[in-house]
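A.B. asks: Dropping in protein.pdb, with PDB, C-alpha atoms and all ligand atoms.
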ATOM      1  CA  MET A   1     116.588 -58.703-217.551  1.00  0.00           C
ATOM      2  CA  LEU A   2     115.943 -58.992-213.819  1.00  0.00           C
ATOM      3  CA  LYS A   3     119.104 -59.854-211.872  1.00  0.00           C
ATOM      4  CA  ILE A   4     119.145 -61.644-208.528  1.00  0.00           C
ATOM      5  CA  TRP A   5     122.204 -62.044-206.305  1.00  0.00           C
ATOM      6  CA  GLY A   6     122.210 -64.757-203.669  1.00  0.00           C
ATOM      7  CA  ARG A   7     123.031 -68.381-202.890  1.00  0.00           C
ATOM      8  CA  ILE A   8     120.139 -70.813-203.341  1.00  0.00           C
ATOM      9  CA  ASN A   9     120.238 -72.250-199.795  1.00  0.00           C
ATOM     10  CA  SER A  10     119.504 -68.884-198.146  1.00  0.00           C
ATOM     11  CA  VAL A  11     115.953 -68.686-196.814  1.00  0.00           C
ATOM     12  CA  ASN A  12     115.702 -65.032-197.809  1.00  0.00           C
ATOM     13  CA  VAL A  13     117.027 -65.638-201.331  1.00  0.00           C
ATOM     14  CA  LYS A  14     114.472 -68.451-201.715  1.00  0.00           C
ATOM     15  CA  LYS A  15     111.710 -65.869-201.238  1.00  0.00           C
ATOM     16  CA  ALA A  16     112.975 -63.785-204.177  1.00  0.00           C
ATOM     17  CA  LEU A  17     113.475 -66.842-206.413  1.00  0.00           C
ATOM     18  CA  TRP A  18     110.074 -68.274-205.553  1.00  0.00           C
ATOM     19  CA  VAL A  19     108.210 -65.054-206.356  1.00  0.00           C
ATOM     20  CA  ALA A  20     110.184 -64.542-209.586  1.00  0.00           C
ATOM     21  CA  ASP A  21     109.294 -68.040-210.814  1.00  0.00           C
ATOM     22  CA  GLU A  22     105.734 -67.811-209.520  1.00  0.00           C
ATOM     23  CA  LEU A  23     105.380 -64.723-211.731  1.00  0.00           C
ATOM     24  CA  GLY A  24     107.041 -66.431-214.687  1.00  0.00           C
ATOM     25  CA  LEU A  25     109.861 -63.852-214.849  1.00  0.00           C
ATOM     26  CA  LYS A  26     113.124 -64.418-216.653  1.00  0.00           C
ATOM     27  CA  TYR A  27     116.120 -63.600-214.494  1.00  0.00           C
ATOM     28  CA  GLU A  28     119.838 -64.049-214.180  1.00  0.00           C
ATOM     29  CA  ARG A  29     121.061 -65.283-210.786  1.00  0.00           C
ATOM     30  CA  THR A  30     124.578 -64.785-209.427  1.00  0.00           C
ATOM     31  CA  ASP A  31     125.820 -66.840-206.477  1.00  0.00           C
ATOM     32  CA  ALA A  32     126.708 -64.582-203.543  1.00  0.00           C
ATOM     33  CA  GLY A  33     127.018 -64.910-199.769  1.00  0.00           C
ATOM     34  CA  MET A  34     128.800 -67.370-197.464  1.00  0.00           C
ATOM     35  CA  GLN A  35     131.235 -69.589-199.408  1.00  0.00           C
ATOM     36  CA  PHE A  36     130.670 -67.590-202.613  1.00  0.00           C
ATOM     37  CA  GLY A  37     131.845 -64.277-201.131  1.00  0.00           C
ATOM     38  CA  VAL A  38     130.905 -61.343-203.428  1.00  0.00           C
ATOM     39  CA  THR A  39     128.869 -59.510-200.754  1.00  0.00           C
ATOM     40  CA  LYS A  40     131.867 -57.679-199.302  1.00  0.00           C
ATOM     41  CA  THR A  41     133.190 -56.385-202.620  1.00  0.00           C
ATOM     42  CA  PRO A  42     132.927 -52.620-203.169  1.00  0.00           C
ATOM     43  CA  GLU A  43     130.693 -53.205-206.216  1.00  0.00           C
ATOM     44  CA  TYR A  44     128.230 -55.294-204.236  1.00  0.00           C
ATOM     45  CA  MET A  45     128.307 -52.995-201.207  1.00  0.00           C
ATOM     46  CA  LYS A  46     127.444 -50.091-203.459  1.00  0.00           C
ATOM     47  CA  MET A  47     124.223 -51.952-204.277  1.00  0.00           C
ATOM     48  CA  ASN A  48     123.628 -53.385-200.825  1.00  0.00           C
ATOM     49  CA  PRO A  49     125.546 -51.757-197.959  1.00  0.00           C
ATOM     50  CA  ASN A  50     124.312 -54.512-195.610  1.00  0.00           C
ATOM     51  CA  SER A  51     126.579 -57.073-197.361  1.00  0.00           C
ATOM     52  CA  LEU A  52     123.661 -59.494-197.266  1.00  0.00           C
ATOM     53  CA  VAL A  53     121.649 -61.464-199.819  1.00  0.00           C
ATOM     54  CA  PRO A  54     119.334 -61.199-201.678  1.00  0.00           C
ATOM     55  CA  THR A  55     119.744 -58.103-203.830  1.00  0.00           C
ATOM     56  CA  ILE A  56     117.950 -57.546-207.137  1.00  0.00           C
ATOM     57  CA  GLU A  57     118.347 -55.150-210.020  1.00  0.00           C
ATOM     58  CA  ASP A  58     115.362 -54.464-212.229  1.00  0.00           C
ATOM     59  CA  ASP A  59     115.848 -52.026-215.125  1.00  0.00           C
ATOM     60  CA  GLY A  60     118.609 -50.264-213.203  1.00  0.00           C
ATOM     61  CA  PHE A  61     116.586 -50.168-209.972  1.00  0.00           C
ATOM     62  CA  VAL A  62     118.453 -51.874-207.128  1.00  0.00           C
ATOM     63  CA  LEU A  63     116.497 -53.325-204.219  1.00  0.00           C
ATOM     64  CA  TRP A  64     117.357 -55.321-201.090  1.00  0.00           C
ATOM     65  CA  GLU A  65     115.278 -56.727-198.199  1.00  0.00           C
ATOM     66  CA  SER A  66     113.683 -59.969-199.317  1.00  0.00           C
ATOM     67  CA  HIS A  67     110.121 -59.181-198.253  1.00  0.00           C
ATOM     68  CA  THR A  68     110.260 -55.807-200.006  1.00  0.00           C
ATOM     69  CA  ILE A  69     111.500 -57.617-203.117  1.00  0.00           C
ATOM     70  CA  VAL A  70     108.496 -59.978-202.895  1.00  0.00           C
ATOM     71  CA  ARG A  71     106.152 -56.978-202.539  1.00  0.00           C
ATOM     72  CA  TYR A  72     107.773 -55.029-205.362  1.00  0.00           C
ATOM     73  CA  LEU A  73     107.736 -57.853-207.914  1.00  0.00           C
ATOM     74  CA  SER A  74     104.191 -58.854-206.912  1.00  0.00           C
ATOM     75  CA  ALA A  75     102.930 -55.271-207.247  1.00  0.00           C
ATOM     76  CA  LYS A  76     104.656 -54.829-210.593  1.00  0.00           C
ATOM     77  CA  HIS A  77     103.513 -58.077-212.177  1.00  0.00           C
ATOM     78  CA  SER A  78     100.505 -59.337-210.243  1.00  0.00           C
ATOM     79  CA  MET A  79      98.416 -56.423-208.969  1.00  0.00           C
ATOM     80  CA  GLY A  80      95.138 -57.725-207.611  1.00  0.00           C
ATOM     81  CA  LYS A  81      96.392 -61.313-207.373  1.00  0.00           C
ATOM     82  CA  LEU A  82      99.663 -62.001-205.550  1.00  0.00           C
ATOM     83  CA  TYR A  83      99.566 -58.342-204.462  1.00  0.00           C
ATOM     84  CA  PRO A  84      96.047 -57.720-203.145  1.00  0.00           C
ATOM     85  CA  ALA A  85      94.684 -54.437-204.511  1.00  0.00           C
ATOM     86  CA  GLU A  86      92.253 -53.772-201.668  1.00  0.00           C
ATOM     87  CA  LEU A  87      93.905 -52.017-198.715  1.00  0.00           C
ATOM     88  CA  LYS A  88      92.790 -54.324-195.900  1.00  0.00           C
ATOM     89  CA  ALA A  89      93.466 -57.486-197.894  1.00  0.00           C
ATOM     90  CA  ARG A  90      96.937 -56.143-198.663  1.00  0.00           C
ATOM     91  CA  ALA A  91      97.598 -55.268-195.010  1.00  0.00           C
ATOM     92  CA  ASP A  92      96.541 -58.799-194.066  1.00  0.00           C
ATOM     93  CA  ALA A  93      99.110 -60.261-196.489  1.00  0.00           C
ATOM     94  CA  GLU A  94     101.786 -57.824-195.274  1.00  0.00           C
ATOM     95  CA  ARG A  95     101.121 -58.756-191.660  1.00  0.00           C
ATOM     96  CA  TRP A  96     102.049 -62.368-192.500  1.00  0.00           C
ATOM     97  CA  MET A  97     105.146 -61.169-194.302  1.00  0.00           C
ATOM     98  CA  ASP A  98     106.279 -59.263-191.211  1.00  0.00           C
ATOM     99  CA  TRP A  99     105.381 -62.150-188.931  1.00  0.00           C
ATOM    100  CA  ALA A 100     107.606 -64.458-190.979  1.00  0.00           C
ATOM    101  CA  PHE A 101     110.601 -62.667-189.425  1.00  0.00           C
ATOM    102  CA  THR A 102     109.157 -63.352-185.948  1.00  0.00           C
ATOM    103  CA  PHE A 103     109.041 -67.041-186.833  1.00  0.00           C
ATOM    104  CA  GLN A 104     112.510 -66.892-188.404  1.00  0.00           C
ATOM    105  CA  ALA A 105     113.975 -65.407-185.221  1.00  0.00           C
ATOM    106  CA  ALA A 106     112.325 -68.105-183.088  1.00  0.00           C
ATOM    107  CA  MET A 107     113.631 -70.879-185.365  1.00  0.00           C
ATOM    108  CA  ARG A 108     117.128 -69.507-185.856  1.00  0.00           C
ATOM    109  CA  ASN A 109     118.949 -71.604-183.257  1.00  0.00           C
ATOM    110  CA  VAL A 110     117.202 -74.797-184.364  1.00  0.00           C
ATOM    111  CA  PHE A 111     118.255 -74.297-187.975  1.00  0.00           C
ATOM    112  CA  TRP A 112     121.790 -73.064-187.320  1.00  0.00           C
ATOM    113  CA  GLY A 113     122.337 -75.552-184.509  1.00  0.00           C
ATOM    114  CA  LEU A 114     121.172 -78.657-186.331  1.00  0.00           C
ATOM    115  CA  ILE A 115     121.965 -77.852-189.964  1.00  0.00           C
ATOM    116  CA  ARG A 116     124.994 -75.567-189.927  1.00  0.00           C
ATOM    117  CA  THR A 117     126.872 -76.561-186.771  1.00  0.00           C
ATOM    118  CA  PRO A 118     128.919 -79.759-186.338  1.00  0.00           C
ATOM    119  CA  ALA A 119     127.423 -82.103-183.703  1.00  0.00           C
ATOM    120  CA  GLU A 120     130.271 -81.577-181.201  1.00  0.00           C
ATOM    121  CA  LYS A 121     129.804 -77.809-181.217  1.00  0.00           C
ATOM    122  CA  ARG A 122     126.022 -77.682-180.814  1.00  0.00           C
ATOM    123  CA  ASP A 123     124.383 -75.737-177.989  1.00  0.00           C
ATOM    124  CA  ALA A 124     121.663 -78.222-176.988  1.00  0.00           C
ATOM    125  CA  LYS A 125     119.950 -75.767-174.638  1.00  0.00           C
ATOM    126  CA  ALA A 126     119.664 -73.027-177.279  1.00  0.00           C
ATOM    127  CA  ILE A 127     118.354 -75.552-179.817  1.00  0.00           C
ATOM    128  CA  GLU A 128     115.743 -76.842-177.395  1.00  0.00           C
ATOM    129  CA  GLU A 129     114.594 -73.330-176.425  1.00  0.00           C
ATOM    130  CA  ALA A 130     114.220 -72.427-180.093  1.00  0.00           C
ATOM    131  CA  ARG A 131     112.349 -75.659-180.799  1.00  0.00           C
ATOM    132  CA  VAL A 132     109.861 -74.956-177.986  1.00  0.00           C
ATOM    133  CA  LYS A 133     109.388 -71.332-179.070  1.00  0.00           C
ATOM    134  CA  SER A 134     108.877 -72.100-182.753  1.00  0.00           C
ATOM    135  CA  ASN A 135     106.509 -74.988-181.980  1.00  0.00           C
ATOM    136  CA  GLN A 136     104.522 -72.633-179.761  1.00  0.00           C
ATOM    137  CA  LEU A 137     104.282 -69.951-182.484  1.00  0.00           C
ATOM    138  CA  ALA A 138     103.308 -72.518-185.104  1.00  0.00           C
ATOM    139  CA  THR A 139     100.577 -73.865-182.803  1.00  0.00           C
ATOM    140  CA  ASP A 140      99.201 -70.683-181.250  1.00  0.00           C
ATOM    141  CA  VAL A 141      99.414 -68.408-184.253  1.00  0.00           C
ATOM    142  CA  LEU A 142      99.703 -70.250-187.570  1.00  0.00           C
ATOM    143  CA  GLU A 143      97.581 -73.329-186.833  1.00  0.00           C
ATOM    144  CA  ARG A 144      94.774 -71.235-185.348  1.00  0.00           C
ATOM    145  CA  SER A 145      94.856 -68.651-188.118  1.00  0.00           C
ATOM    146  CA  LEU A 146      94.732 -71.272-190.856  1.00  0.00           C
ATOM    147  CA  ALA A 147      91.506 -72.816-189.508  1.00  0.00           C
ATOM    148  CA  GLY A 148      88.991 -72.708-192.359  1.00  0.00           C
ATOM    149  CA  ARG A 149      91.506 -71.079-194.732  1.00  0.00           C
ATOM    150  CA  ALA A 150      93.369 -72.473-197.696  1.00  0.00           C
ATOM    151  CA  TYR A 151      96.109 -69.807-197.472  1.00  0.00           C
ATOM    152  CA  VAL A 152      97.228 -67.347-194.802  1.00  0.00           C
ATOM    153  CA  THR A 153      94.872 -64.595-195.971  1.00  0.00           C
ATOM    154  CA  GLY A 154      91.967 -66.837-196.923  1.00  0.00           C
ATOM    155  CA  ARG A 155      90.881 -68.539-200.114  1.00  0.00           C
ATOM    156  CA  ASP A 156      93.652 -67.357-202.442  1.00  0.00           C
ATOM    157  CA  PHE A 157      97.410 -67.719-202.579  1.00  0.00           C
ATOM    158  CA  THR A 158      99.044 -64.266-202.179  1.00  0.00           C
ATOM    159  CA  MET A 159     102.451 -62.748-201.470  1.00  0.00           C
ATOM    160  CA  GLY A 160     101.547 -63.232-197.785  1.00  0.00           C
ATOM    161  CA  ASP A 161     102.230 -66.964-198.141  1.00  0.00           C
ATOM    162  CA  ILE A 162     105.723 -66.577-199.585  1.00  0.00           C
ATOM    163  CA  PRO A 163     108.011 -65.539-196.696  1.00  0.00           C
ATOM    164  CA  ILE A 164     106.216 -67.648-194.091  1.00  0.00           C
ATOM    165  CA  GLY A 165     106.109 -70.590-196.522  1.00  0.00           C
ATOM    166  CA  CYS A 166     109.909 -70.447-196.741  1.00  0.00           C
ATOM    167  CA  GLU A 167     110.329 -70.242-192.958  1.00  0.00           C
ATOM    168  CA  VAL A 168     107.894 -73.087-192.312  1.00  0.00           C
ATOM    169  CA  GLN A 169     109.712 -75.294-194.849  1.00  0.00           C
ATOM    170  CA  ARG A 170     112.798 -75.072-192.612  1.00  0.00           C
ATOM    171  CA  TRP A 171     110.730 -75.899-189.549  1.00  0.00           C
ATOM    172  CA  MET A 172     109.095 -78.873-191.300  1.00  0.00           C
ATOM    173  CA  ARG A 173     112.375 -80.257-192.621  1.00  0.00           C
ATOM    174  CA  CYS A 174     114.568 -79.809-189.518  1.00  0.00           C
ATOM    175  CA  PRO A 175     114.962 -83.071-187.586  1.00  0.00           C
ATOM    176  CA  ILE A 176     113.013 -81.955-184.487  1.00  0.00           C
ATOM    177  CA  GLU A 177     109.921 -83.050-182.636  1.00  0.00           C
ATOM    178  CA  ARG A 178     106.904 -81.039-183.732  1.00  0.00           C
ATOM    179  CA  PRO A 179     103.273 -81.023-182.626  1.00  0.00           C
ATOM    180  CA  LYS A 180     100.701 -82.418-185.029  1.00  0.00           C
ATOM    181  CA  LEU A 181      99.158 -79.386-186.749  1.00  0.00           C
ATOM    182  CA  PRO A 182      96.602 -80.434-189.392  1.00  0.00           C
ATOM    183  CA  ASN A 183      95.896 -76.928-190.733  1.00  0.00           C
ATOM    184  CA  VAL A 184      99.596 -76.090-191.112  1.00  0.00           C
ATOM    185  CA  GLU A 185     100.298 -79.451-192.728  1.00  0.00           C
ATOM    186  CA  ALA A 186      97.415 -79.068-195.225  1.00  0.00           C
ATOM    187  CA  TRP A 187      98.585 -75.528-196.112  1.00  0.00           C
ATOM    188  CA  PHE A 188     102.168 -76.763-196.532  1.00  0.00           C
ATOM    189  CA  GLU A 189     100.951 -79.511-198.900  1.00  0.00           C
ATOM    190  CA  ARG A 190      99.062 -76.849-200.863  1.00  0.00           C
ATOM    191  CA  LEU A 191     102.306 -74.873-201.221  1.00  0.00           C
ATOM    192  CA  ARG A 192     104.036 -78.060-202.354  1.00  0.00           C
ATOM    193  CA  GLU A 193     101.619 -78.244-205.284  1.00  0.00           C
ATOM    194  CA  ARG A 194     103.312 -75.126-206.700  1.00  0.00           C
ATOM    195  CA  PRO A 195     106.255 -75.938-208.998  1.00  0.00           C
ATOM    196  CA  ALA A 196     108.158 -72.786-207.984  1.00  0.00           C
ATOM    197  CA  PHE A 197     107.934 -73.771-204.303  1.00  0.00           C
ATOM    198  CA  ARG A 198     109.230 -77.271-204.989  1.00  0.00           C
ATOM    199  CA  LYS A 199     112.001 -75.962-207.216  1.00  0.00           C
ATOM    200  CA  HIS A 200     113.382 -73.231-204.972  1.00  0.00           C
ATOM    201  CA  VAL A 201     112.092 -73.743-201.461  1.00  0.00           C
ATOM    202  CA  ASP A 202     111.470 -77.379-200.660  1.00  0.00           C
ATOM    203  CA  ILE A 203     115.021 -78.509-201.329  1.00  0.00           C
ATOM    204  CA  PRO A 204     117.313 -80.244-198.812  1.00  0.00           C
ATOM    205  CA  LEU A 205     118.432 -77.879-196.044  1.00  0.00           C
ATOM    206  CA  SER A 206     122.078 -76.846-196.030  1.00  0.00           C
TER     207      SER A 206
HETATM  208  N1  LIG B   1     116.266 -58.766-193.742  1.00  0.00           N
HETATM  209  C1  LIG B   1     117.146 -59.190-194.798  1.00  0.00           C
HETATM  210  C2  LIG B   1     118.091 -60.231-194.202  1.00  0.00           C
HETATM  211  C3  LIG B   1     119.075 -60.746-195.240  1.00  0.00           C
HETATM  212  C4  LIG B   1     119.967 -61.811-194.636  1.00  0.00           C
HETATM  213  O1  LIG B   1     120.147 -61.913-193.414  1.00  0.00           O
HETATM  214  N2  LIG B   1     120.566 -62.624-195.519  1.00  0.00           N
HETATM  215  C5  LIG B   1     121.446 -63.678-195.085  1.00  0.00           C
HETATM  216  C6  LIG B   1     121.086 -64.990-195.781  1.00  0.00           C
HETATM  217  S1  LIG B   1     119.476 -65.562-195.346  1.00  0.00           S
HETATM  218  C7  LIG B   1     122.870 -63.325-195.483  1.00  0.00           C
HETATM  219  O2  LIG B   1     123.105 -62.558-196.401  1.00  0.00           O
HETATM  220  N3  LIG B   1     123.847 -63.931-194.784  1.00  0.00           N
HETATM  221  C8  LIG B   1     125.243 -63.716-195.072  1.00  0.00           C
HETATM  222  C9  LIG B   1     125.754 -64.499-196.243  1.00  0.00           C
HETATM  223  O3  LIG B   1     125.029 -65.280-196.869  1.00  0.00           O
HETATM  224  O4  LIG B   1     126.942 -64.327-196.534  1.00  0.00           O
HETATM  225  C10 LIG B   1     116.330 -59.770-195.954  1.00  0.00           C
HETATM  226  O5  LIG B   1     115.254 -60.306-195.675  1.00  0.00           O
HETATM  227  O6  LIG B   1     116.746 -59.685-197.126  1.00  0.00           O
END
Could you quickly redo this structure as C-alpha cells?
C.D. replies:
Amino acid sequence: MLKIWGRINSVNVKKALWVADELGLKYERTDAGMQFGVTKTPEYMKMNPNSLVPTIEDDGFVLWESHTIVRYLSAKHSMGKLYPAELKARADAERWMDWAFTFQAAMRNVFWGLIRTPAEKRDAKAIEEARVKSNQLATDVLERSLAGRAYVTGRDFTMGDIPIGCEVQRWMRCPIERPKLPNVEAWFERLRERPAFRKHVDIPLS
C-alpha cells in the first residue's frame, strides 16, 4: 500500500494527501515533522536526506518533493486526466505547479507571522511586505490568468490546480486584507466542491 509521511497541517503534505484522495488511492499516513519529529531519524533520512515532509513510498519506490509526488501519482493513475497527456497541456499544468512555489515564497512571512508566531514576537514589517507581494501576485498573475477559465489550465481540473490550490487556501484563510478577485474566488469555490480538497486542504490553519 502507498505510504505517506507528513503532518496534516503542512502545505506540502496537503498536496500529496489531496492528490492521493482525488485519485481514490488507499494509503497509510505516518505523522512526521515539527512536533512529531521522525524526520531526523536515520531511517527517515535514508529515505529523505532533506529531513522534510512529505515523503512517499510506493511499491518500494521512495519519492520526496511534493510537486513531483503530485506528478508521479497523477501520471501513474490518471494519465490524460489529472496528468495531461499532450505535451503543451502538460507543460501548462507544470508551469502552475512551479509557480505555486513562487506564491508560497511570497506568502511565507504572512503565514508564519500570523499563524505560527505569538503576537508579541511578530515582525509587522515583514508580514506587511509579504501581504503586499502575495496580493500583487494573486492580482497580476492568477486573477488575470483565470479570466474565462474554470481551472488554471482551462476547462478541466488537472494536477496544475493542486499545489497552487493549497497555497491559495492559506492566502484566503489568513486574517489579512485582500483585494476582491472574482476569478480567483470562483476558482477557489470550484476547488471547494471537491471532497478531497475540503478534507485535506481547507482545514483551519495551524
Ligand atoms: N520542496 C519541498 C519542501 C518540503 C518542506 O519544506 N516541508 C516542510 C513542511 S511544508 C517541512 O518539512 N518542514 C519541517 C518540518 O515539518 O519538520 C516539497 O515541496 O516537498
A.B. asks: Between A:Ile115, A:Ala100, A:Leu82, A:Ala91, which has the minimum distance to ligand LIG 1 (chain B) (counting only C-alpha atoms and all ligand atoms)?
C.D. replies: A:Ala100
A.B. asks: Quick one: residues within 10 Å of Asn183 in chain A, all atoms listed in the file, excluding same-chain residues fewer than 3 positions away - as a PyMOL selection string?
C.D. replies: chain A and resi 139+142-151+180+186-189
A.B. asks: Can you work out which residues are within 7 Å of ligand LIG 1 (chain B), considering all atoms listed in the file, and then hand them over as a count of residues only?
C.D. replies: 17
A.B. asks: Which protein, DNA or RNA residues have an atom at most 9 Å from (120.4, -73.5, -183.7), counting all atoms listed in the file? List them as JSON, numbers by chain.
C.D. replies: {"A": [107, 108, 109, 110, 111, 112, 113, 114, 115, 116, 117, 122, 123, 124, 126, 127, 128, 130, 131]}
A.B. asks: Just write the chosen residues, C-alpha atoms, as a PDB file, in the coordinates of the input.
C.D. replies:
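File written: part-v3.pdb
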ATOM      1  CA  MET A 107     113.631 -70.879-185.365  1.00  0.00           C
ATOM      2  CA  ARG A 108     117.128 -69.507-185.856  1.00  0.00           C
ATOM      3  CA  ASN A 109     118.949 -71.604-183.257  1.00  0.00           C
ATOM      4  CA  VAL A 110     117.202 -74.797-184.364  1.00  0.00           C
ATOM      5  CA  PHE A 111     118.255 -74.297-187.975  1.00  0.00           C
ATOM      6  CA  TRP A 112     121.790 -73.064-187.320  1.00  0.00           C
ATOM      7  CA  GLY A 113     122.337 -75.552-184.509  1.00  0.00           C
ATOM      8  CA  LEU A 114     121.172 -78.657-186.331  1.00  0.00           C
ATOM      9  CA  ILE A 115     121.965 -77.852-189.964  1.00  0.00           C
ATOM     10  CA  ARG A 116     124.994 -75.567-189.927  1.00  0.00           C
ATOM     11  CA  THR A 117     126.872 -76.561-186.771  1.00  0.00           C
ATOM     12  CA  ARG A 122     126.022 -77.682-180.814  1.00  0.00           C
ATOM     13  CA  ASP A 123     124.383 -75.737-177.989  1.00  0.00           C
ATOM     14  CA  ALA A 124     121.663 -78.222-176.988  1.00  0.00           C
ATOM     15  CA  ALA A 126     119.664 -73.027-177.279  1.00  0.00           C
ATOM     16  CA  ILE A 127     118.354 -75.552-179.817  1.00  0.00           C
ATOM     17  CA  GLU A 128     115.743 -76.842-177.395  1.00  0.00           C
ATOM     18  CA  ALA A 130     114.220 -72.427-180.093  1.00  0.00           C
ATOM     19  CA  ARG A 131     112.349 -75.659-180.799  1.00  0.00           C
TER      20      ARG A 131
END
A.B. asks: Give me the residues within 12 Å of Arg173 in chain A as a PDB file with C-alpha atoms, keeping the file's coordinate frame, counting all atoms listed in the file and dropping any in the same chain fewer than 2 places off.
C.D. replies:
ATOM      1  CA  MET A 107     113.631 -70.879-185.365  1.00  0.00           C
ATOM      2  CA  VAL A 110     117.202 -74.797-184.364  1.00  0.00           C
ATOM      3  CA  PHE A 111     118.255 -74.297-187.975  1.00  0.00           C
ATOM      4  CA  LEU A 114     121.172 -78.657-186.331  1.00  0.00           C
ATOM      5  CA  ILE A 115     121.965 -77.852-189.964  1.00  0.00           C
ATOM      6  CA  CYS A 166     109.909 -70.447-196.741  1.00  0.00           C
ATOM      7  CA  GLU A 167     110.329 -70.242-192.958  1.00  0.00           C
ATOM      8  CA  VAL A 168     107.894 -73.087-192.312  1.00  0.00           C
ATOM      9  CA  GLN A 169     109.712 -75.294-194.849  1.00  0.00           C
ATOM     10  CA  ARG A 170     112.798 -75.072-192.612  1.00  0.00           C
ATOM     11  CA  TRP A 171     110.730 -75.899-189.549  1.00  0.00           C
ATOM     12  CA  PRO A 175     114.962 -83.071-187.586  1.00  0.00           C
ATOM     13  CA  ILE A 176     113.013 -81.955-184.487  1.00  0.00           C
ATOM     14  CA  GLU A 177     109.921 -83.050-182.636  1.00  0.00           C
ATOM     15  CA  ARG A 178     106.904 -81.039-183.732  1.00  0.00           C
ATOM     16  CA  PHE A 188     102.168 -76.763-196.532  1.00  0.00           C
ATOM     17  CA  VAL A 201     112.092 -73.743-201.461  1.00  0.00           C
ATOM     18  CA  ASP A 202     111.470 -77.379-200.660  1.00  0.00           C
ATOM     19  CA  ILE A 203     115.021 -78.509-201.329  1.00  0.00           C
ATOM     20  CA  PRO A 204     117.313 -80.244-198.812  1.00  0.00           C
ATOM     21  CA  LEU A 205     118.432 -77.879-196.044  1.00  0.00           C
ATOM     22  CA  SER A 206     122.078 -76.846-196.030  1.00  0.00           C
TER      23      SER A 206
END
A.B. asks: Around all the atoms of range 13-24 of chain A listed in the file, with 3 Å of room on each side, what axis-aligned box do you get, giving centre and edge lengths in Å to one decimal, as JSON?
C.D. replies:
{"center_x": 111.2, "center_y": -66.1, "center_z": -208.0, "size_x": 17.6, "size_y": 10.7, "size_z": 19.4}
